[in-house]
Structure formats: C-alpha cells, structure tokens
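Asks: The file below is structure16.cif, mmCIF, C-alpha atoms:
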```
data_upload
loop_
_atom_site.label_atom_id
_atom_site.label_comp_id
_atom_site.auth_asym_id
_atom_site.auth_seq_id
_atom_site.Cartn_x
_atom_site.Cartn_y
_atom_site.Cartn_z
CA PHE A 1 117.34 -65.65 103.23
CA PRO A 2 117.56 -66.99 106.78
CA ASP A 3 115.02 -65.37 109.11
CA GLU A 4 117.64 -63.16 110.72
CA TYR A 5 118.30 -61.55 107.34
CA CYS A 6 114.69 -60.98 106.35
CA ILE A 7 114.38 -57.91 104.12
CA ALA A 8 111.60 -55.79 105.51
CA ASN A 9 111.50 -53.05 102.87
CA TYR A 10 112.72 -53.38 99.29
CA THR A 11 113.13 -49.62 98.98
CA ASP A 12 116.54 -50.12 100.66
CA TRP A 13 117.14 -53.82 100.05
CA MET A 14 120.84 -53.53 99.18
CA SER A 15 121.70 -52.04 102.55
CA GLN A 16 119.73 -54.86 104.23
CA LEU A 17 121.65 -57.69 102.56
CA PRO A 18 123.75 -59.88 104.86
CA SER A 19 127.22 -58.39 105.39
CA GLU A 20 128.93 -61.35 103.69
CA LEU A 21 127.34 -60.19 100.41
CA TRP A 22 128.73 -56.67 100.67
CA THR A 23 132.04 -57.78 99.18
CA ILE A 24 130.57 -59.93 96.39
CA PRO A 25 131.19 -58.41 92.93
CA LEU A 26 128.07 -56.59 91.77
CA PHE A 27 128.07 -58.60 88.56
CA LYS A 28 127.48 -61.73 90.68
CA LEU A 29 124.56 -60.30 92.65
CA ALA A 30 121.00 -60.83 91.40
CA ILE A 31 119.66 -57.35 90.67
CA PRO A 32 116.07 -56.56 89.59
CA GLY A 33 115.67 -54.28 86.60
CA SER A 34 112.98 -52.87 84.33
CA HIS A 35 112.73 -53.29 80.55
CA ASP A 36 111.94 -50.13 78.55
CA SER A 37 111.90 -48.36 81.88
CA VAL A 38 110.19 -45.11 80.87
CA SER A 39 107.48 -46.57 78.63
CA TYR A 40 104.88 -45.67 81.28
CA ASP A 41 105.16 -42.12 79.90
CA LEU A 42 104.53 -42.74 76.18
CA ASP A 43 102.87 -39.77 74.49
CA ALA A 44 99.95 -40.67 72.21
CA SER A 45 100.21 -37.24 70.57
CA SER A 46 103.76 -37.91 69.32
CA ALA A 47 104.75 -39.42 65.98
CA ILE A 48 105.11 -43.19 65.67
CA ILE A 49 108.83 -44.01 65.45
CA GLU A 50 108.60 -47.80 65.45
CA PRO A 51 107.77 -50.22 63.95
CA ASP A 52 108.92 -48.84 60.61
CA ASN A 53 105.88 -50.02 58.66
CA LEU A 54 103.58 -47.90 60.85
CA LYS A 55 105.50 -44.63 60.70
CA ARG A 56 103.62 -43.35 57.66
CA PHE A 57 100.33 -43.76 59.53
CA SER A 58 101.31 -41.47 62.42
CA TRP A 59 98.52 -39.09 61.46
CA ILE A 60 95.91 -41.63 62.59
CA TYR A 61 95.21 -40.86 66.25
CA CYS A 62 93.56 -44.18 67.11
CA LEU A 63 96.61 -46.01 65.75
CA ARG A 64 98.88 -43.97 68.00
CA ARG A 65 96.66 -44.95 70.92
CA ILE A 66 97.01 -48.61 69.97
CA VAL A 67 100.81 -48.28 69.75
CA ARG A 68 100.82 -46.73 73.21
CA THR A 69 98.60 -49.48 74.63
CA TRP A 70 100.90 -52.19 73.27
CA GLY A 71 104.18 -50.35 73.87
CA MET A 72 103.72 -49.55 77.55
CA THR A 73 105.78 -52.18 79.39
CA GLN A 74 105.90 -50.36 82.75
CA GLU A 75 103.02 -49.05 84.85
CA TYR A 76 104.76 -46.73 87.31
CA ASN A 77 107.22 -43.89 87.12
CA ILE A 78 110.95 -44.12 87.76
CA THR A 79 110.75 -43.01 91.39
CA MET A 80 108.09 -45.61 92.15
CA GLN A 81 110.20 -48.28 90.43
CA LEU A 82 113.16 -47.29 92.61
CA GLU A 83 110.97 -47.39 95.71
CA ALA A 84 109.82 -50.88 94.71
CA GLY A 85 113.44 -52.09 94.60
CA VAL A 86 114.28 -51.88 90.88
CA ARG A 87 117.98 -51.07 90.42
CA TYR A 88 118.66 -51.45 86.68
CA PHE A 89 117.03 -49.17 84.11
CA ASP A 90 116.81 -49.75 80.35
CA LEU A 91 116.87 -46.21 78.93
CA ARG A 92 116.30 -45.93 75.17
CA ILE A 93 117.07 -42.44 73.95
CA ALA A 94 115.62 -40.50 71.01
CA ARG A 95 115.64 -37.04 69.52
CA LYS A 96 112.43 -35.76 67.99
CA ARG A 97 112.82 -34.87 64.34
CA ASN A 98 112.58 -31.13 63.70
CA ASP A 99 112.61 -30.32 67.42
CA HIS A 100 113.42 -26.60 67.70
CA HIS A 101 115.50 -27.39 70.80
CA PRO A 102 118.78 -28.73 69.34
CA THR A 103 119.77 -31.04 72.22
CA ARG A 104 116.50 -31.95 73.90
CA LEU A 105 116.10 -35.72 74.17
CA TYR A 106 113.32 -38.13 75.10
CA PHE A 107 112.88 -41.83 75.79
CA TYR A 108 110.91 -44.01 73.40
CA HIS A 109 109.24 -47.33 72.73
CA GLY A 110 107.07 -47.08 69.65
CA LEU A 111 106.28 -43.46 70.59
CA TYR A 112 108.26 -40.71 72.28
CA THR A 113 107.71 -40.05 75.96
CA SER A 114 106.07 -36.88 77.21
CA THR A 115 108.87 -36.17 79.67
CA ASP A 116 112.38 -35.36 78.50
CA VAL A 117 115.54 -37.19 79.54
CA GLU A 118 116.96 -34.44 81.72
CA THR A 119 113.82 -34.27 83.86
CA VAL A 120 113.76 -38.03 84.50
CA LEU A 121 117.48 -38.08 85.30
CA GLY A 122 116.85 -35.31 87.81
CA GLU A 123 114.28 -37.51 89.54
CA ILE A 124 116.74 -40.40 89.64
CA HIS A 125 119.48 -38.18 91.05
CA ALA A 126 117.23 -36.92 93.84
CA TRP A 127 116.45 -40.51 94.81
CA THR A 128 120.09 -41.61 94.83
CA VAL A 129 120.97 -38.73 97.14
CA ALA A 130 118.25 -39.83 99.57
CA HIS A 131 119.36 -43.51 99.37
CA PRO A 132 123.17 -43.45 99.26
CA LYS A 133 123.58 -47.20 99.92
CA GLU A 134 121.40 -48.30 97.00
CA VAL A 135 123.53 -48.75 93.86
CA ILE A 136 121.66 -48.20 90.59
CA ILE A 137 122.62 -49.02 87.00
CA LEU A 138 121.51 -46.76 84.14
CA ALA A 139 121.86 -48.32 80.67
CA PHE A 140 121.64 -45.77 77.84
CA SER A 141 121.15 -47.25 74.36
CA ASN A 142 119.54 -47.13 70.88
CA PHE A 143 119.83 -43.34 70.31
CA ASN A 144 117.09 -42.99 67.71
CA GLY A 145 117.21 -39.85 65.59
CA PHE A 146 120.91 -39.23 66.20
CA GLU A 147 121.68 -38.34 62.58
CA LYS A 148 125.26 -38.48 61.39
CA ASN A 149 125.72 -34.72 61.23
CA ILE A 150 124.59 -34.14 64.84
CA LYS A 151 125.17 -37.41 66.67
CA ASP A 152 128.52 -36.46 68.23
CA LYS A 153 127.04 -33.19 69.46
CA LEU A 154 124.07 -35.02 71.00
CA HIS A 155 126.21 -37.70 72.64
CA ASN A 156 128.59 -35.11 74.07
CA HIS A 157 125.67 -33.11 75.42
CA LEU A 158 124.02 -36.13 77.04
CA ILE A 159 127.26 -37.51 78.52
CA GLY A 160 128.14 -34.05 79.79
CA PHE A 161 124.72 -33.73 81.44
CA ILE A 162 125.07 -37.16 83.08
CA LYS A 163 128.51 -36.28 84.43
CA THR A 164 127.32 -32.93 85.74
CA MET A 165 124.12 -34.33 87.27
CA PHE A 166 125.64 -37.32 89.08
CA GLY A 167 129.20 -36.04 89.52
CA SER A 168 131.08 -37.78 92.32
CA LYS A 169 128.32 -40.39 92.66
CA LEU A 170 129.42 -42.08 89.42
CA VAL A 171 131.15 -45.44 89.86
CA PRO A 172 134.06 -45.60 87.37
CA PRO A 173 134.64 -48.79 85.34
CA VAL A 174 137.83 -49.75 87.13
CA GLY A 175 138.44 -52.63 89.47
CA ILE A 176 135.66 -54.90 90.69
CA PRO A 177 132.67 -53.01 92.08
CA THR A 178 131.09 -54.26 95.30
CA LEU A 179 128.56 -52.73 97.64
CA ARG A 180 131.28 -52.19 100.22
CA ASN A 181 133.66 -50.28 97.99
CA CYS A 182 130.82 -48.22 96.48
CA TRP A 183 129.70 -47.25 99.98
CA ASP A 184 133.23 -46.47 101.13
CA GLN A 185 133.71 -44.12 98.18
CA GLY A 186 130.28 -42.50 98.46
CA LYS A 187 129.32 -43.63 94.94
CA ASN A 188 126.10 -45.35 93.88
CA VAL A 189 125.43 -44.72 90.17
CA ILE A 190 126.79 -46.94 87.39
CA VAL A 191 126.24 -45.65 83.84
CA SER A 192 126.44 -48.00 80.88
CA TYR A 193 126.58 -46.11 77.58
CA ASP A 194 126.17 -47.93 74.27
CA TYR A 195 128.36 -45.66 72.19
CA PRO A 196 132.16 -45.43 71.98
CA ALA A 197 132.89 -43.36 75.06
CA ASN A 198 136.35 -44.48 76.05
CA TYR A 199 137.39 -40.87 76.45
CA HIS A 200 134.83 -40.53 79.22
CA PRO A 201 136.33 -42.59 82.05
CA GLU A 202 133.12 -42.43 84.08
CA MET A 203 131.13 -44.43 81.51
CA TRP A 204 130.86 -48.22 81.46
CA LYS A 205 130.66 -50.06 78.16
CA LYS A 206 127.43 -51.58 76.89
CA ILE A 207 125.98 -54.20 79.23
CA THR A 208 125.06 -57.31 77.26
CA TYR A 209 121.31 -57.95 77.24
CA TYR A 210 120.54 -61.64 76.69
CA TYR A 211 117.31 -62.75 75.08
CA ALA A 212 118.70 -66.13 74.00
CA ASN A 213 116.32 -68.79 72.71
CA LYS A 214 112.72 -68.02 71.92
CA LYS A 215 110.15 -70.27 73.44
CA SER A 216 106.41 -70.28 73.07
CA PHE A 217 103.56 -71.78 75.01
CA LYS A 218 99.83 -71.43 75.09
CA GLN A 219 97.85 -70.13 77.99
CA PRO A 220 94.30 -71.48 78.47
CA GLY A 221 91.82 -69.46 76.49
CA TYR A 222 94.46 -67.21 74.98
CA THR A 223 96.38 -67.04 71.74
CA GLN A 224 99.93 -68.27 71.61
CA TYR A 225 102.67 -65.68 71.97
CA ASN A 226 106.46 -65.61 71.95
CA LEU A 227 108.39 -65.62 75.20
CA ARG A 228 112.04 -64.55 75.27
CA TYR A 229 114.15 -65.79 78.07
CA LEU A 230 117.57 -67.09 78.94
CA LEU A 231 117.45 -70.85 79.22
CA SER A 232 120.57 -71.43 81.23
CA PHE A 233 123.51 -69.57 82.67
CA ASN A 234 126.65 -71.54 81.92
CA LEU A 235 128.61 -68.39 82.52
CA PHE A 236 131.41 -67.27 84.79
CA PRO A 237 130.82 -63.54 84.51
CA THR A 238 133.50 -60.94 84.88
CA ASP A 239 131.17 -58.15 83.86
CA PHE A 240 127.51 -57.17 84.14
CA PHE A 241 124.93 -58.99 82.04
CA VAL A 242 121.16 -58.84 81.74
CA CYS A 243 118.64 -61.64 81.48
CA GLY A 244 115.70 -60.15 79.61
CA LEU A 245 112.67 -61.66 81.28
CA ASN A 246 110.37 -59.92 78.86
CA MET A 247 107.72 -61.03 76.44
CA THR A 248 107.52 -59.92 72.84
CA LEU A 249 104.75 -59.83 70.31
CA PRO A 250 105.15 -61.25 66.78
CA ALA A 251 106.92 -58.94 64.34
CA ASP A 252 104.74 -59.91 61.37
CA HIS A 253 101.01 -59.86 60.54
CA ARG A 254 100.27 -62.11 63.52
CA ILE A 255 100.58 -59.07 65.75
CA LEU A 256 97.06 -58.13 64.59
CA ILE A 257 95.71 -61.00 66.69
CA TYR A 258 96.76 -58.95 69.72
CA ILE A 259 96.39 -55.29 68.87
CA LEU A 260 92.89 -55.73 67.48
CA ARG A 261 91.70 -56.97 70.88
CA LEU A 262 90.29 -53.62 71.91
CA CYS A 263 89.74 -54.64 75.52
CA ASP A 264 93.24 -56.04 75.97
CA SER A 265 96.70 -54.50 76.35
CA PHE A 266 100.32 -55.50 76.57
CA PRO A 267 100.39 -55.08 80.38
CA ASN A 268 97.47 -57.52 80.59
CA VAL A 269 99.38 -60.05 78.48
CA ILE A 270 102.37 -59.64 80.79
CA ARG A 271 100.24 -60.10 83.92
CA ARG A 272 98.97 -63.40 82.61
CA GLY A 273 102.45 -64.68 81.81
CA LEU A 274 104.49 -63.29 84.69
CA PRO A 275 103.65 -66.02 87.23
CA LYS A 276 105.11 -68.68 84.92
CA LEU A 277 108.19 -66.53 84.34
CA LEU A 278 108.75 -66.10 88.06
CA LYS A 279 108.27 -69.81 88.66
CA TRP A 280 111.00 -70.46 86.09
CA LEU A 281 113.23 -67.73 87.57
CA LYS A 282 113.13 -69.25 91.06
CA GLN A 283 114.85 -72.33 89.65
CA GLN A 284 117.82 -70.40 88.21
CA SER A 285 121.24 -69.67 89.64
CA GLY A 286 124.09 -67.45 88.54
CA VAL A 287 121.91 -64.62 87.31
CA ASN A 288 123.03 -61.01 87.44
CA ILE A 289 120.60 -58.32 86.30
CA VAL A 290 117.08 -59.57 85.56
CA ALA A 291 115.04 -57.04 83.58
CA SER A 292 111.29 -57.47 83.39
CA ASP A 293 108.17 -55.83 82.07
CA LEU A 294 105.88 -54.62 84.87
CA ALA A 295 108.87 -54.71 87.20
CA THR A 296 106.83 -53.27 90.08
CA ARG A 297 104.37 -56.18 90.05
CA LYS A 298 104.08 -58.21 93.23
CA ASP A 299 106.84 -60.78 93.76
CA PHE A 300 109.18 -59.80 90.90
CA VAL A 301 111.67 -57.79 92.97
CA SER A 302 111.50 -60.13 95.95
CA THR A 303 111.99 -63.19 93.73
CA VAL A 304 115.14 -61.72 92.17
CA VAL A 305 116.61 -60.47 95.45
CA GLU A 306 115.94 -63.81 97.14
CA LEU A 307 118.21 -65.49 94.55
CA ASN A 308 121.14 -63.88 96.39
CA SER A 309 120.59 -66.25 99.31
CA ALA A 310 122.37 -68.91 97.20
CA LEU A 311 125.57 -66.84 97.43
CA MET A 312 125.73 -67.22 101.19
CA LYS A 313 128.01 -69.84 102.70
CA PRO A 314 126.14 -72.78 104.31
#
```
If you took the structure in this file and wrote it as structure tokens, what would it be?

Replies:
Amino acid sequence: FPDEYCIANYTDWMSQLPSELWTIPLFKLAIPGSHDSVSYDLDASSAIIEPDNLKRFSWIYCLRRIVRTWGMTQEYNITMQLEAGVRYFDLRIARKRNDHHPTRLYFYHGLYTSTDVETVLGEIHAWTVAHPKEVIILAFSNFNGFEKNIKDKLHNHLIGFIKTMFGSKLVPPVGIPTLRNCWDQGKNVIVSYDYPANYHPEMWKKITYYYANKKSFKQPGYTQYNLRYLLSFNLFPTDFFVCGLNMTLPADHRILIYILRLCDSFPNVIRRGLPKLLKWLKQQSGVNIVASDLATRKDFVSTVVELNSALMKP
C-alpha cells in the first residue's frame, strides 16, 4: 500500500484499508485464513479418527502422540489467530462415538480436540463483539461421526447454536457483501455450512477450497514432499473461494519417512517451506481467501493483505 495507507496493526486491518476498498465485494478482497484452524488443540488422549488404517491402533499412546505431532497445523489458539489478522477459519466438526452428551461436538484433524465447538465459538463471538469492523468467515465442514440416524439432529443443534450465539451479527447470503454494507448493518460474521441448509437463510453455501495441481520440490538436505497450491487464477469470481496454501504429506507408506523422524514435526516442515510459498504468493493476483498452515507465522497475514493494494486505482 502507499505510505499513507500503511497498516500499523493487523488486529484491525480491515478497518485500516483505504476507503476505496470498502465497497469492493468481499469475494474480491485478499483475506488471510487458517487451514484446520483448531488443530492446535488436538488431544493425544482421544481416539485416532483418521487416517482409517490407523484407527485400530488407537490404543497405542505413542502412536497417538505421533498423529498429534503430524496433525497440528496451527500453533496458536483462535483468539491469537484473530489478533494476528486471520479472518477465515476452516472448522472441521466431529462427534465422539459413544459420547454420553448427545449433541456435544468437537473439531478434529487426525484426533479430536480437547475443547468443544461451543466453547471455541464463544471465544470467537467475544472477539467479534470487541472488533465490530473486522468481518470473519467461519467455514463448517466434514462432520465426522454424524451417523444417519442422528445427523439431522446434530446439524439442527449446531446451526441453532450458531444462530443463537451470533444472532444479528450474521451476514445473510443475499446481495454482494462489502465492508461498507457489513459495517452499516452492524454485521461481521459470515458462516459457510457444508450441508444442505437452504431453510436457514443465515447460512452461506459451501465455499470452494481449491488445492488444484500438486507440485513437488526438494529442499536442501530434506526429503521431497508434496506441495498443494493453486497455480493460477483465471477466474472472475462471483462468490468466495479459497486457495489452500497448505502442504500435505504422502498418503501411502512414504509417510513413514516423515513420522519416524522423532525430532521433527509437521510445523517444522511447514516452517521450512513457507518462505517459498510466500514468495510464490506475492506474484499472484485475483486471490480471495488464502488459507495456510501456521497462519500466525511472520509475514503470512501481511503478504496476503498487501495483495489488496493491486485493487486500488493508479
């Protein structure tokens, strides 16, 4: 951005954007997000729920520890992510099998989280009240453990809780959302829900998450790994979309090359690769939401937000 529009604090970066961007559709703004947003809270005492071929070994404590080490894609809690400038959250929901509480839900990524969904949503709500000009996007998906005989009950409970918690702050999926019209209406929470919810007018449909082509490269002194990213954006969006700037480990036996490195972890792999990802990202245009692992790491949020300078008239 030009010097006169320098963003001093990314905790409230949306309200510090130049006024000419306040009327740009939100699906044309570059918005930083986190991938598997609550994986910082994975519970090593819970059962393994993915990958499928490890479920039967849940009784092995050291294996659960390994799954946690390689499933934790975020380092800091939701409030700290919000404070860092993250505005999109990838929320993967699960119900624990045989939970005596019929509607209690958790997040998951390999393991369940320690903290339940309602508690985390309460933290998010408190932050949105304190920062009314920062518009956040909550993307609910996956819904593991929602068996056929109870899934409608669980969805209705969760949607009802979301509506009650955020109430008038919810941005409905009508018209073209901008910062200006969100502020004018006193709304700053967009909820994307990946389940037929047309009868809930407050819910947005699933936001497409692009992984696109898989690319691989080798870092000096380190084994090759897969890198998922969106190569180009020949798009003229009329809706939100996500570029998944996240790495992924092999899905076959080659994963052992990583998880058997007892002094390594998935966050360490991400740290080594993130500079190259950010270098690539700086060369892109037309992005909307960019979701990353370790979204609070230095330069990720600022790199994404800075992409909005291209939207300003010369």

Asks: Please enumerate the residues selected by the PyMOL selection byres ((chain A and resi 140) around 7) when evaluated against the supplied file, formatted as a VMD selection string.

Replies: chain A and resid 90 to 93 138 to 139 141 192 to 194

Asks: Report as an MDAnalysis selection string the full result of the PyMOL selection byres ((chain A and resi 128) around 12) when it is applied to this structure.

Replies: chainID A and resid 11:12 78:79 82:83 87 121:127 129:138 165:170 186:190

Asks: Step by step, work through what the PyMOL selection byres ((chain A and resi 86) around 12) selects in the shown file, and finish by giving those residues as an MDAnalysis selection string.

Replies: chainID A and resid 10:14 30:35 37 74 76:85 87:90 124 134:138 289:297 299:305

Asks: Considering all atoms listed in the file, can you say which of A:Trp70, A:Phe241, A:Tyr199, A:Trp183 comes closest to Arg261 (chain A)?

Replies: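 Closest candidate: A:Trp70.
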
Asks: Could you tell me how far CA of Glu202 (chain A) sits from CA of Asn308 (chain A), in Å to one decimal place?

Replies: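 Computing it gives 27.5 Å between the two atoms.
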
Asks: Do you have the CA of Ser46 (chain A)-CA of Thr73 (chain A) distance handy?

Replies: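 So the two atoms, CA of Ser46 (chain A) and CA of Thr73 (chain A), lie 17.6 Å apart.
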
Asks: One decimal, in Å: what's the spacing between CA of Leu105 (chain A) and CA of Asp43 (chain A)?

Replies: 13.8 Å
